[in-house]
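For reference, the structure discussed in these notes is given below.
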Amino acid sequence: KSVINVETLSLTGLNTDPESSPATLKLKSTVDNALVVINGNADLFSTTPGFNGKLVIKSFNASPYLVLAPEQRRNNQLTVSIDSQVNIDKTGESGLSVEQDGHITFDDIAWLDADTDIKASQVSWRGAIDIISSSAKDLRVNTDGMLRADKLGLNARAAELLLENEQFVWQGKADTRMPGSSDIKVVLNGQLLNSKLDLDLNQQKTLVKNGNLNWQGKADIHLSVDGSLKINSEGQIQDEALRIERAEQEFLLETEAFAWQGDIAIGKLANAMTIESLSDMKLSGLRMNTLEESERLVTAKEIKADKVNIKSIDEVLLKSLSLSGFSIGHPLKLEQLPATLDGFLNYEEVIVDQVNYSTQQGIEIKSIAQS
């Protein structure tokens, strides 16, 4: 059962005249020992009723109330804290405007159902949210602030997917438009940081681990009602400590660091996909070999590509490609190979100038220099 204790409650200036000034609402109470404070103006009898004021909730344990959920969700946990300015107004005949500016925190999250388990130590939002819905069921959501998730875990049993993530942070602006019967448009402008990702794709027999990811830039996403998708993005990516394992192929890929800067456009219509990009990239500490580490396939201290111009899936132009500390192994155990055996190559540096590839012309290279 719930225990509600009202310390103070006042409602002054209440008037049923639609043209009158809003009433003043003040509430200080506890709900199951969680502090709840509301201070603001309530326009109850206007043709466009609403509320404008401050909402404070401190460490409200919502777990007991989740017993109202289906049986498989009764072990869910959630603690809620809010310290925000909130404006809620009716617009038009059936529209609604909701504005939030402040801090919202969810602690000790556990969402458990028949197919999916989601857990997190904390998910927090600090910033402003503006939600506008119209009578035509159009929806627009604008956000400006920081979203952070700590110790996030996901178990999707049907997809045989396990995910553990130490920390996810998004900081910036997001503008989402969802017209009632038209295309969905999302514009992102900001920075995404991710730390210590572990992903287990059991159906694909693939394990992915990543250290730190940092993306900064802008992205426009356009999803049409016919299912087509367009993504345009410009910015830069820095990544550290990527590791991909595919057990069935006995394959391992590791990189110490990856940097990318440029723009990219991706389109999808039915079964066709298009891609265009112009970028520079650098890869450090590349290593590809079998999981038993008895074979060395490819290693490189650094790979640097300048002016990578992807005109389509079928055509790629590259101004220059340099490889340092480059080694190509042999599909036998290393101890069985003399260093002079054909197919076992080591280069301090390889520089490839002007590489052109297309499905019609194949690969064209202006020059290759090696040492």
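As shown in the structure tokens, the chain order sets the letters A, B, ...; within each chain, residues go from 1, and ligands are also counted from 1 in the order they appear.
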
Would you kindly return, as a PyMOL selection string, each protein, DNA or RNA residue with an atom no farther than 8 Å from any atom of Gly102 of chain A, considering only C-alpha atoms and excluding same-chain residues fewer than 5 positions away? chain A and resi 82-85+126-128

Could you pull out all residues of segment 74-136 of chain A with a DSSP call of strand (DSSP E or B) and give them as an NGL selection string? :A and (77-91 or 95-112 or 116-133)

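Using only C-alpha atoms, the nearest neighbour of Ala174 of chain A within the list A:Ile118, A:Val186, A:Leu78, A:Val316 is A:Val186.
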
Can you tell me which residues surround Arg243 of chain A at a distance of at most 9 Å, considering only C-alpha atoms, apart from same-chain residues fewer than 5 positions away, and format the answer as an mmCIF file with N, CA and C atoms, in the first residue's frame?
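Once everything was written out, this is selection02.cif:
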```
data_model
loop_
_atom_site.group_PDB
_atom_site.id
_atom_site.type_symbol
_atom_site.label_atom_id
_atom_site.label_comp_id
_atom_site.auth_asym_id
_atom_site.auth_seq_id
_atom_site.Cartn_x
_atom_site.Cartn_y
_atom_site.Cartn_z
ATOM 1 N N LEU A 207 31.384 -12.125 -31.491
ATOM 2 C CA LEU A 207 31.605 -11.330 -30.286
ATOM 3 C C LEU A 207 32.267 -10.014 -30.688
ATOM 4 N N VAL A 208 31.754 -8.917 -30.149
ATOM 5 C CA VAL A 208 32.314 -7.597 -30.429
ATOM 6 C C VAL A 208 32.629 -6.911 -29.108
ATOM 7 N N LYS A 209 33.848 -6.425 -28.983
ATOM 8 C CA LYS A 209 34.248 -5.625 -27.832
ATOM 9 C C LYS A 209 34.828 -4.318 -28.341
ATOM 10 N N ASN A 210 34.492 -3.226 -27.654
ATOM 11 C CA ASN A 210 35.034 -1.930 -28.052
ATOM 12 C C ASN A 210 35.352 -1.110 -26.810
ATOM 13 N N GLY A 211 36.483 -0.403 -26.878
ATOM 14 C CA GLY A 211 36.921 0.386 -25.725
ATOM 15 C C GLY A 211 36.207 1.712 -25.624
ATOM 16 N N LEU A 252 39.832 -13.524 -35.911
ATOM 17 C CA LEU A 252 39.950 -12.456 -34.919
ATOM 18 C C LEU A 252 40.462 -11.201 -35.601
ATOM 19 N N LEU A 253 39.786 -10.073 -35.349
ATOM 20 C CA LEU A 253 40.216 -8.766 -35.835
ATOM 21 C C LEU A 253 40.371 -7.841 -34.641
ATOM 22 N N GLU A 254 41.527 -7.174 -34.557
ATOM 23 C CA GLU A 254 41.778 -6.225 -33.485
ATOM 24 C C GLU A 254 42.373 -4.951 -34.064
ATOM 25 N N THR A 255 41.972 -3.815 -33.514
ATOM 26 C CA THR A 255 42.593 -2.535 -33.853
ATOM 27 C C THR A 255 42.839 -1.762 -32.564
ATOM 28 N N GLU A 256 43.971 -1.046 -32.530
ATOM 29 C CA GLU A 256 44.250 -0.208 -31.370
ATOM 30 C C GLU A 256 43.499 1.117 -31.449
#
```

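For Gly50 of chain A, the set of protein, DNA and RNA residues having any atom at most 6 Å away, when counting only C-alpha atoms and skipping those fewer than 5 positions along the same chain, is Asp43, Ile88 and Asp89 of chain A.
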
I want to know what sits within 12 Å of segment 301-306 of chain A, based on only C-alpha atoms, with residues of the same chain fewer than 6 positions away left out; could you give that as a PyMOL selection string? chain A and resi 254-262+278-287+317-327+346-355

Counting only C-alpha atoms, figure out which residue out of A:Leu213, A:Ser312, A:Ile266, A:Leu199 gets nearest to Asn232 of chain A.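 For Asn232 of chain A, the nearest of the given residues is A:Ile266.
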
I want to know what sits within 12 Å of Asn33 of chain A, based on only C-alpha atoms, with residues of the same chain fewer than 4 positions away left out; could you give that as a list in words? Ser2, Val3, Ile4, Asn5, Val6, Ser29, Ile57, Lys58, Ser59, Phe60, Asn61 and Ala62 of chain A

Using only C-alpha atoms, which of A:Gly227, A:Gly53, A:Pro64, A:Gly180 sits nearest Leu269 of chain A?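 Selected residue with least distance to Leu269 of chain A: A:Gly227.
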
Need the shell around Asn75 of chain A: protein/DNA/RNA residues with any atom at most 8 Å away, counting only C-alpha atoms. Skip same-chain ones fewer than 5 positions apart. Format as JSON, numbers by chain? {"A": [63, 66, 67, 110, 111, 112]}

Residues from the last selection, N, CA and C atoms, saved as a compact mmCIF listing (two decimals), in the first residue's frame:
```txt
# COMPACT_ATOMS: atom_id res chain seq x y z
N SER A 63 8.94 0.85 -7.95
CA SER A 63 8.89 -0.61 -8.07
C SER A 63 7.58 -1.21 -7.56
N LEU A 66 4.71 -1.31 -10.06
CA LEU A 66 4.84 -2.09 -11.28
C LEU A 66 4.14 -3.44 -11.19
N VAL A 67 3.56 -3.76 -10.03
CA VAL A 67 2.77 -4.99 -9.92
C VAL A 67 1.51 -4.90 -10.77
N ALA A 110 15.38 -2.04 -13.83
CA ALA A 110 15.28 -3.45 -14.22
C ALA A 110 13.93 -3.65 -14.90
N TRP A 111 13.95 -3.86 -16.21
CA TRP A 111 12.73 -4.11 -16.99
C TRP A 111 12.82 -5.53 -17.52
N LEU A 112 11.99 -6.40 -16.98
CA LEU A 112 12.07 -7.82 -17.28
C LEU A 112 10.74 -8.30 -17.85
```
